[in-house]
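Structure file my_file.csv with CSV, N, CA and C atoms:
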chain,number,residue,atom,x,y,z
A,1,MET,N,101.7,90.2,93.7
A,1,MET,CA,100.7,89.7,94.6
A,1,MET,C,99.8,88.7,93.9
A,2,THR,N,99.7,87.5,94.4
A,2,THR,CA,98.9,86.5,93.8
A,2,THR,C,97.7,86.2,94.7
A,3,ILE,N,96.5,86.2,94.2
A,3,ILE,CA,95.3,86.0,94.9
A,3,ILE,C,94.7,84.7,94.4
A,4,LYS,N,94.4,83.7,95.3
A,4,LYS,CA,93.8,82.4,94.9
A,4,LYS,C,92.3,82.5,95.1
A,5,THR,N,91.6,82.1,94.0
A,5,THR,CA,90.1,82.0,94.0
A,5,THR,C,89.7,80.6,93.7
A,6,GLU,N,88.4,80.4,93.8
A,6,GLU,CA,88.0,79.0,93.5
A,6,GLU,C,88.1,78.7,92.0
A,7,LEU,N,88.3,79.7,91.1
A,7,LEU,CA,88.4,79.5,89.7
A,7,LEU,C,89.9,79.5,89.2
A,8,GLY,N,90.8,79.9,90.1
A,8,GLY,CA,92.2,79.9,89.7
A,8,GLY,C,92.9,81.0,90.5
A,9,TYR,N,93.9,81.6,89.8
A,9,TYR,CA,94.8,82.6,90.5
A,9,TYR,C,94.7,83.9,89.7
A,10,ILE,N,94.8,85.0,90.5
A,10,ILE,CA,94.8,86.3,89.9
A,10,ILE,C,96.1,86.9,90.4
A,11,GLU,N,96.9,87.4,89.4
A,11,GLU,CA,98.2,88.1,89.8
A,11,GLU,C,98.1,89.6,89.5
A,12,ILE,N,98.3,90.4,90.5
A,12,ILE,CA,98.3,91.8,90.3
A,12,ILE,C,99.8,92.3,90.6
A,13,THR,N,100.4,93.0,89.6
A,13,THR,CA,101.7,93.4,89.8
A,13,THR,C,101.8,94.6,90.6
A,14,ASN,N,103.0,94.8,91.2
A,14,ASN,CA,103.3,96.0,92.0
A,14,ASN,C,103.2,97.3,91.2
A,15,GLU,N,103.5,97.2,89.9
A,15,GLU,CA,103.4,98.4,89.1
A,15,GLU,C,101.9,98.9,89.0
A,16,VAL,N,101.0,97.9,88.9
A,16,VAL,CA,99.6,98.3,88.8
A,16,VAL,C,99.1,99.0,90.1
A,17,MET,N,99.5,98.4,91.2
A,17,MET,CA,99.1,99.0,92.5
A,17,MET,C,99.8,100.4,92.7
A,18,ALA,N,101.1,100.5,92.2
A,18,ALA,CA,101.8,101.8,92.3
A,18,ALA,C,101.1,102.8,91.4
A,19,GLY,N,100.6,102.4,90.3
A,19,GLY,CA,99.8,103.4,89.4
A,19,GLY,C,98.5,103.8,90.1
A,20,ILE,N,97.8,102.9,90.7
A,20,ILE,CA,96.6,103.3,91.4
A,20,ILE,C,96.9,104.2,92.6
A,21,ALA,N,97.9,103.9,93.4
A,21,ALA,CA,98.3,104.7,94.5
A,21,ALA,C,98.8,106.1,94.1
A,22,GLY,N,99.5,106.1,93.0
A,22,GLY,CA,100.0,107.4,92.5
A,22,GLY,C,98.9,108.3,92.0
A,23,TYR,N,98.0,107.7,91.3
A,23,TYR,CA,96.8,108.5,90.8
A,23,TYR,C,96.0,109.0,92.0
A,24,ALA,N,95.7,108.1,93.0
A,24,ALA,CA,94.9,108.5,94.2
A,24,ALA,C,95.6,109.6,95.0
A,25,ALA,N,96.9,109.5,95.2
A,25,ALA,CA,97.6,110.5,95.9
A,25,ALA,C,97.6,111.9,95.2
A,26,SER,N,97.9,111.8,93.9
A,26,SER,CA,98.0,113.1,93.1
A,26,SER,C,96.7,113.8,93.0
A,27,SER,N,95.5,113.1,93.2
A,27,SER,CA,94.2,113.8,93.1
A,27,SER,C,93.8,114.4,94.4
A,28,CYS,N,94.6,114.2,95.5
A,28,CYS,CA,94.2,114.8,96.7
A,28,CYS,C,94.5,116.3,96.8
A,29,PHE,N,93.7,117.1,97.5
A,29,PHE,CA,93.9,118.5,97.7
A,29,PHE,C,95.3,118.8,98.3
A,30,GLY,N,96.0,119.8,97.7
A,30,GLY,CA,97.3,120.2,98.3
A,30,GLY,C,98.5,119.5,97.7
A,31,VAL,N,98.3,118.4,96.9
A,31,VAL,CA,99.4,117.7,96.3
A,31,VAL,C,99.7,118.2,95.0
A,32,LYS,N,101.0,118.7,94.8
A,32,LYS,CA,101.4,119.2,93.5
A,32,LYS,C,101.8,118.0,92.6
A,33,GLY,N,102.2,116.9,93.1
A,33,GLY,CA,102.6,115.7,92.3
A,33,GLY,C,103.5,114.8,93.0
A,34,MET,N,103.9,113.7,92.3
A,34,MET,CA,104.8,112.7,92.9
A,34,MET,C,106.2,113.2,92.6
A,35,THR,N,107.1,112.8,93.4
A,35,THR,CA,108.5,113.2,93.2
A,35,THR,C,109.4,112.0,93.2
A,36,ILE,N,110.6,112.2,92.7
A,36,ILE,CA,111.7,111.2,92.7
A,36,ILE,C,113.0,111.9,93.0
A,37,ARG,N,113.8,111.2,93.7
A,37,ARG,CA,115.2,111.8,94.0
A,37,ARG,C,116.1,111.4,92.9
A,38,SER,N,116.9,112.5,92.5
A,38,SER,CA,117.9,112.3,91.5
A,38,SER,C,119.1,111.7,92.1
A,39,MET,N,119.7,110.7,91.5
A,39,MET,CA,121.0,110.1,92.1
A,39,MET,C,122.1,111.1,91.9
A,40,SER,N,122.1,111.9,90.8
A,40,SER,CA,123.3,112.7,90.5
A,40,SER,C,123.4,113.9,91.5
A,41,ASP,N,122.3,114.6,91.8
A,41,ASP,CA,122.3,115.8,92.6
A,41,ASP,C,121.6,115.7,93.9
A,42,GLY,N,120.9,114.6,94.1
A,42,GLY,CA,120.2,114.4,95.4
A,42,GLY,C,118.9,115.2,95.6
A,43,LEU,N,118.5,116.0,94.6
A,43,LEU,CA,117.3,116.8,94.7
A,43,LEU,C,116.1,116.0,94.3
A,44,ALA,N,114.9,116.5,94.8
A,44,ALA,CA,113.6,115.9,94.5
A,44,ALA,C,113.1,116.6,93.2
A,45,HIS,N,112.7,115.8,92.2
A,45,HIS,CA,112.2,116.3,91.0
A,45,HIS,C,110.7,115.9,90.8
A,46,LEU,N,109.9,116.9,90.5
A,46,LEU,CA,108.5,116.7,90.3
A,46,LEU,C,108.2,115.9,89.0
A,47,LEU,N,107.4,114.8,89.1
A,47,LEU,CA,107.1,114.0,88.0
A,47,LEU,C,105.8,114.4,87.3
A,48,GLY,N,105.7,114.2,86.0
A,48,GLY,CA,104.5,114.5,85.2
A,48,GLY,C,103.4,113.5,85.5
A,49,ARG,N,102.3,113.7,85.0
A,49,ARG,CA,101.1,112.8,85.1
A,49,ARG,C,101.4,111.4,84.6
A,50,GLU,N,102.2,111.3,83.6
A,50,GLU,CA,102.4,110.0,83.0
A,50,GLU,C,103.4,109.1,83.8
A,51,ASN,N,104.1,109.7,84.7
A,51,ASN,CA,105.1,109.0,85.5
A,51,ASN,C,104.7,108.9,87.0
A,52,GLN,N,103.4,109.0,87.4
A,52,GLN,CA,103.0,109.1,88.7
A,52,GLN,C,103.5,107.9,89.6
A,53,SER,N,103.6,106.7,88.9
A,53,SER,CA,103.9,105.5,89.7
A,53,SER,C,105.4,105.4,90.1
A,54,ARG,N,106.2,106.3,89.4
A,54,ARG,CA,107.7,106.3,89.8
A,54,ARG,C,107.9,106.8,91.2
A,55,GLY,N,107.1,107.6,91.7
A,55,GLY,CA,107.2,108.1,93.1
A,55,GLY,C,106.6,107.2,94.1
A,56,VAL,N,106.3,106.0,93.7
A,56,VAL,CA,105.6,105.1,94.6
A,56,VAL,C,106.4,103.8,94.7
A,57,ARG,N,106.5,103.2,95.9
A,57,ARG,CA,107.1,101.9,96.1
A,57,ARG,C,106.1,101.0,96.8
A,58,VAL,N,105.8,99.9,96.2
A,58,VAL,CA,104.9,98.9,96.8
A,58,VAL,C,105.7,97.6,97.1
A,59,SER,N,105.6,97.2,98.4
A,59,SER,CA,106.2,95.9,98.8
A,59,SER,C,105.2,95.1,99.5
A,60,GLU,N,105.4,93.8,99.4
A,60,GLU,CA,104.6,92.8,100.1
A,60,GLU,C,104.9,92.8,101.6
A,61,ALA,N,103.8,92.8,102.4
A,61,ALA,CA,104.0,92.7,103.8
A,61,ALA,C,104.2,91.3,104.2
A,62,PRO,N,105.0,91.1,105.3
A,62,PRO,CA,105.3,89.7,105.7
A,62,PRO,C,104.0,88.9,106.1
A,63,ASP,N,103.0,89.6,106.6
A,63,ASP,CA,101.8,88.9,107.0
A,63,ASP,C,100.6,89.0,106.0
A,64,GLY,N,101.0,89.2,104.7
A,64,GLY,CA,100.0,89.3,103.7
A,64,GLY,C,99.6,90.8,103.5
A,65,GLY,N,99.2,91.1,102.3
A,65,GLY,CA,98.9,92.5,102.0
A,65,GLY,C,100.1,93.2,101.5
A,66,VAL,N,100.0,94.6,101.4
A,66,VAL,CA,101.1,95.4,100.9
A,66,VAL,C,101.4,96.6,101.7
A,67,ASN,N,102.6,97.1,101.6
A,67,ASN,CA,103.0,98.3,102.2
A,67,ASN,C,103.3,99.3,101.1
A,68,ILE,N,102.9,100.5,101.2
A,68,ILE,CA,103.0,101.5,100.1
A,68,ILE,C,103.8,102.7,100.7
A,69,ASP,N,104.9,103.1,100.0
A,69,ASP,CA,105.6,104.3,100.3
A,69,ASP,C,105.4,105.3,99.1
A,70,LEU,N,105.0,106.6,99.5
A,70,LEU,CA,104.7,107.6,98.5
A,70,LEU,C,105.6,108.8,98.8
A,71,HIS,N,106.2,109.3,97.7
A,71,HIS,CA,107.1,110.5,97.7
A,71,HIS,C,106.4,111.6,97.0
A,72,ILE,N,106.1,112.7,97.7
A,72,ILE,CA,105.2,113.7,97.1
A,72,ILE,C,105.8,115.1,97.3
A,73,ALA,N,105.3,116.1,96.5
A,73,ALA,CA,105.5,117.5,96.7
A,73,ALA,C,104.1,118.1,97.0
A,74,VAL,N,104.1,119.0,97.9
A,74,VAL,CA,102.9,119.7,98.3
A,74,VAL,C,102.9,121.2,98.0
A,75,GLU,N,101.7,121.8,98.0
A,75,GLU,CA,101.6,123.2,97.7
A,75,GLU,C,102.0,124.0,98.9
A,76,HIS,N,102.6,125.1,98.7
A,76,HIS,CA,103.0,126.0,99.8
A,76,HIS,C,101.7,126.5,100.5
A,77,GLY,N,101.8,126.5,101.8
A,77,GLY,CA,100.6,127.0,102.6
A,77,GLY,C,99.6,126.0,103.1
A,78,VAL,N,99.7,124.8,102.7
A,78,VAL,CA,98.7,123.8,103.2
A,78,VAL,C,99.2,123.2,104.5
A,79,ASN,N,98.3,122.6,105.2
A,79,ASN,CA,98.6,121.9,106.4
A,79,ASN,C,99.1,120.5,106.0
A,80,ILE,N,100.4,120.3,106.2
A,80,ILE,CA,101.0,119.0,105.7
A,80,ILE,C,100.4,117.8,106.4
A,81,ALA,N,100.2,117.9,107.7
A,81,ALA,CA,99.6,116.7,108.4
A,81,ALA,C,98.2,116.3,107.9
A,82,THR,N,97.4,117.3,107.6
A,82,THR,CA,96.1,117.1,107.1
A,82,THR,C,96.1,116.5,105.7
A,83,VAL,N,97.0,117.0,104.9
A,83,VAL,CA,97.1,116.5,103.5
A,83,VAL,C,97.6,115.1,103.5
A,84,CYS,N,98.6,114.7,104.4
A,84,CYS,CA,99.1,113.4,104.5
A,84,CYS,C,98.0,112.4,105.0
A,85,ARG,N,97.2,112.8,106.0
A,85,ARG,CA,96.1,112.0,106.4
A,85,ARG,C,95.1,111.7,105.3
A,86,SER,N,94.8,112.7,104.5
A,86,SER,CA,93.9,112.5,103.4
A,86,SER,C,94.5,111.6,102.3
A,87,ILE,N,95.8,111.7,102.1
A,87,ILE,CA,96.4,110.8,101.1
A,87,ILE,C,96.4,109.4,101.6
A,88,ILE,N,96.7,109.2,102.8
A,88,ILE,CA,96.7,107.8,103.4
A,88,ILE,C,95.3,107.2,103.2
A,89,SER,N,94.3,107.9,103.6
A,89,SER,CA,92.9,107.4,103.5
A,89,SER,C,92.5,107.1,102.0
A,90,GLU,N,92.8,108.0,101.1
A,90,GLU,CA,92.5,107.9,99.7
A,90,GLU,C,93.2,106.7,99.1
A,91,VAL,N,94.5,106.6,99.3
A,91,VAL,CA,95.3,105.5,98.7
A,91,VAL,C,94.8,104.2,99.2
A,92,ARG,N,94.6,104.1,100.5
A,92,ARG,CA,94.2,102.8,101.1
A,92,ARG,C,92.8,102.4,100.5
A,93,TYR,N,91.9,103.3,100.5
A,93,TYR,CA,90.6,103.1,99.9
A,93,TYR,C,90.6,102.6,98.5
A,94,HIS,N,91.3,103.3,97.6
A,94,HIS,CA,91.3,103.0,96.2
A,94,HIS,C,92.1,101.7,95.9
A,95,VAL,N,93.2,101.5,96.5
A,95,VAL,CA,94.0,100.2,96.3
A,95,VAL,C,93.1,99.0,96.7
A,96,GLU,N,92.6,99.1,97.9
A,96,GLU,CA,91.8,98.0,98.4
A,96,GLU,C,90.5,97.7,97.6
A,97,ARG,N,89.9,98.8,97.2
A,97,ARG,CA,88.6,98.7,96.4
A,97,ARG,C,88.9,98.1,95.0
A,98,LEU,N,90.0,98.6,94.4
A,98,LEU,CA,90.2,98.2,93.0
A,98,LEU,C,90.9,96.8,92.8
A,99,THR,N,91.7,96.5,93.9
A,99,THR,CA,92.5,95.2,93.7
A,99,THR,C,92.0,94.1,94.7
A,100,GLY,N,91.4,94.5,95.8
A,100,GLY,CA,91.0,93.5,96.8
A,100,GLY,C,92.1,93.1,97.7
A,101,VAL,N,93.3,93.8,97.6
A,101,VAL,CA,94.5,93.5,98.4
A,101,VAL,C,94.4,94.4,99.6
A,102,ASP,N,94.7,93.8,100.8
A,102,ASP,CA,94.7,94.5,102.0
A,102,ASP,C,96.0,95.4,102.1
A,103,VAL,N,95.8,96.7,102.4
A,103,VAL,CA,96.9,97.6,102.5
A,103,VAL,C,97.2,97.7,104.0
A,104,LYS,N,98.4,97.2,104.4
A,104,LYS,CA,98.8,97.2,105.8
A,104,LYS,C,99.3,98.6,106.2
A,105,ASN,N,100.1,99.2,105.4
A,105,ASN,CA,100.7,100.5,105.8
A,105,ASN,C,100.9,101.4,104.6
A,106,VAL,N,100.7,102.7,104.8
A,106,VAL,CA,100.9,103.7,103.8
A,106,VAL,C,101.8,104.8,104.5
A,107,ASP,N,103.0,105.0,103.9
A,107,ASP,CA,103.9,106.0,104.5
A,107,ASP,C,104.1,107.1,103.4
A,108,VAL,N,104.0,108.3,103.9
A,108,VAL,CA,104.0,109.5,103.0
A,108,VAL,C,105.3,110.3,103.3
A,109,TYR,N,106.1,110.5,102.3
A,109,TYR,CA,107.3,111.3,102.5
A,109,TYR,C,107.2,112.6,101.7
A,110,VAL,N,107.1,113.7,102.4
A,110,VAL,CA,107.0,115.0,101.7
A,110,VAL,C,108.4,115.4,101.3
A,111,GLU,N,108.7,115.4,100.0
A,111,GLU,CA,110.1,115.7,99.5
A,111,GLU,C,110.3,117.2,99.3
A,112,SER,N,109.2,117.9,98.9
A,112,SER,CA,109.4,119.3,98.6
A,112,SER,C,108.1,120.1,98.8
A,113,ILE,N,108.2,121.4,98.9
A,113,ILE,CA,107.1,122.3,99.0
A,113,ILE,C,107.2,123.2,97.8
A,114,LYS,N,106.2,123.3,96.9
A,114,LYS,CA,106.2,124.0,95.7
A,114,LYS,C,105.3,125.2,95.8
A,115,ALA,N,105.7,126.4,95.4
A,115,ALA,CA,104.9,127.6,95.4
A,115,ALA,C,104.5,127.8,93.9
A,116,ASP,N,103.4,128.5,93.7
A,116,ASP,CA,102.9,128.7,92.4
A,116,ASP,C,103.7,129.8,91.7

Show this structure as C-alpha cells.
Amino acid sequence: MTIKTELGYIEITNEVMAGIAGYAASSCFGVKGMTIRSMSDGLAHLLGRENQSRGVRVSEAPDGGVNIDLHIAVEHGVNIATVCRSIISEVRYHVERLTGVDVKNVDVYVESIKAD
C-alpha cells in the first residue's frame, strides 16, 4: 500500500499490516491464537507469538484501503460471535491508527476451539 503525501511517498507492506492485525487479534479476550491450515493433513495448527502474521491475509480493496482475513482459535466456552465482534473492532482500530490506511473489511474465520 502506497500513500502519497506532500513530502513524498510512504509504502507500508502487507506484512507490516498483517503483524499489527495478528497482534491486535491475539490480544483480545477469548482468543487462543492465530492458526494456519496444514496442506498435508488439512488440520488447523495453532501458531506461536512469533508467527502471528501467518494466520492473517491482507489484500488491497478495489476502492482503496485494505481487506483483512484472520484465522483464529478460540477458548472453549466463550461466545464466538462476541469474540469476533471484539476482534473486528480492535483490528480495524489498531491498523487504521498505526498505518493511516482505511480498513474496508475484516473477516474472522474460527478454525478451532481449544480447551485448557

Kindly provide the residues of region 9-40 of chain A that approach region 76-94 of chain A to within 7 Å, each paired with its closest atom pair and their distance in Å to one decimal, based on all atoms listed in the file, listed by chain and increasing number, as CSV.
residue,atom,partner,partner_atom,distance
A:Ile20,C,A:His94,C,6.3
A:Ala21,CA,A:Val91,CA,5.2
A:Ala24,C,A:Val91,N,5.4
A:Ala25,CA,A:Ile87,CA,5.3
A:Cys28,CA,A:Ile87,CA,6.3
A:Phe29,C,A:Val83,CA,6.0
A:Gly30,CA,A:Val78,CA,6.2
A:Val31,N,A:Val83,CA,7.0

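For the residues A:Ser59, A:Gly22, A:Asp107, A:Gly100, ranking by smallest atom-to-atom distance to Lys4 (chain A) using only C-alpha atoms places A:Gly100 first.
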
Which is closer to Lys114 (chain A) than all the others in A:Ala18, A:Val66, A:Ala61, A:Ile72, using only C-alpha atoms?
A:Ile72

Residues of region 61-102 of chain A in strand (DSSP E), written as a ChimeraX atom specification:
/A:66-75

Which of chain A end up as alpha helix (DSSP H) when DSSP is run on this backbone - answer as a PyMOL selection string?
chain A and resi 14-26+80-99

Enter the distance from atom C of Gly33 (chain A) to CA of Met17 (chain A), in Å, rounded to one decimal.
16.4 Å

Completion of region 69-82 of chain A up to N, CA, C and O atoms, as an mmCIF file, in the frame of the given file:
data_model
loop_
_atom_site.group_PDB
_atom_site.id
_atom_site.type_symbol
_atom_site.label_atom_id
_atom_site.label_comp_id
_atom_site.auth_asym_id
_atom_site.auth_seq_id
_atom_site.Cartn_x
_atom_site.Cartn_y
_atom_site.Cartn_z
ATOM 1 N N ASP A 69 104.900 103.100 100.000
ATOM 2 C CA ASP A 69 105.600 104.300 100.300
ATOM 3 C C ASP A 69 105.400 105.300 99.100
ATOM 4 O O ASP A 69 105.495 105.016 97.976
ATOM 5 N N LEU A 70 105.000 106.600 99.500
ATOM 6 C CA LEU A 70 104.700 107.600 98.500
ATOM 7 C C LEU A 70 105.600 108.800 98.800
ATOM 8 O O LEU A 70 105.824 109.251 99.896
ATOM 9 N N HIS A 71 106.200 109.300 97.700
ATOM 10 C CA HIS A 71 107.100 110.500 97.700
ATOM 11 C C HIS A 71 106.400 111.600 97.000
ATOM 12 O O HIS A 71 106.139 111.468 95.782
ATOM 13 N N ILE A 72 106.100 112.700 97.700
ATOM 14 C CA ILE A 72 105.200 113.700 97.100
ATOM 15 C C ILE A 72 105.800 115.100 97.300
ATOM 16 O O ILE A 72 106.689 115.359 98.089
ATOM 17 N N ALA A 73 105.300 116.100 96.500
ATOM 18 C CA ALA A 73 105.500 117.500 96.700
ATOM 19 C C ALA A 73 104.100 118.100 97.000
ATOM 20 O O ALA A 73 103.124 117.733 96.384
ATOM 21 N N VAL A 74 104.100 119.000 97.900
ATOM 22 C CA VAL A 74 102.900 119.700 98.300
ATOM 23 C C VAL A 74 102.900 121.200 98.000
ATOM 24 O O VAL A 74 103.963 121.723 97.771
ATOM 25 N N GLU A 75 101.700 121.800 98.000
ATOM 26 C CA GLU A 75 101.600 123.200 97.700
ATOM 27 C C GLU A 75 102.000 124.000 98.900
ATOM 28 O O GLU A 75 101.841 123.527 100.077
ATOM 29 N N HIS A 76 102.600 125.100 98.700
ATOM 30 C CA HIS A 76 103.000 126.000 99.800
ATOM 31 C C HIS A 76 101.700 126.500 100.500
ATOM 32 O O HIS A 76 100.759 126.880 99.899
ATOM 33 N N GLY A 77 101.800 126.500 101.800
ATOM 34 C CA GLY A 77 100.600 127.000 102.600
ATOM 35 C C GLY A 77 99.600 126.000 103.100
ATOM 36 O O GLY A 77 98.716 126.402 103.845
ATOM 37 N N VAL A 78 99.700 124.800 102.700
ATOM 38 C CA VAL A 78 98.700 123.800 103.200
ATOM 39 C C VAL A 78 99.200 123.200 104.500
ATOM 40 O O VAL A 78 100.410 123.147 104.762
ATOM 41 N N ASN A 79 98.300 122.600 105.200
ATOM 42 C CA ASN A 79 98.600 121.900 106.400
ATOM 43 C C ASN A 79 99.100 120.500 106.000
ATOM 44 O O ASN A 79 98.318 119.674 105.554
ATOM 45 N N ILE A 80 100.400 120.300 106.200
ATOM 46 C CA ILE A 80 101.000 119.000 105.700
ATOM 47 C C ILE A 80 100.400 117.800 106.400
ATOM 48 O O ILE A 80 100.146 116.782 105.719
ATOM 49 N N ALA A 81 100.200 117.900 107.700
ATOM 50 C CA ALA A 81 99.600 116.700 108.400
ATOM 51 C C ALA A 81 98.200 116.300 107.900
ATOM 52 O O ALA A 81 97.926 115.150 107.683
ATOM 53 N N THR A 82 97.400 117.300 107.600
ATOM 54 C CA THR A 82 96.100 117.100 107.100
ATOM 55 C C THR A 82 96.100 116.500 105.700
ATOM 56 O O THR A 82 95.378 115.557 105.371
#
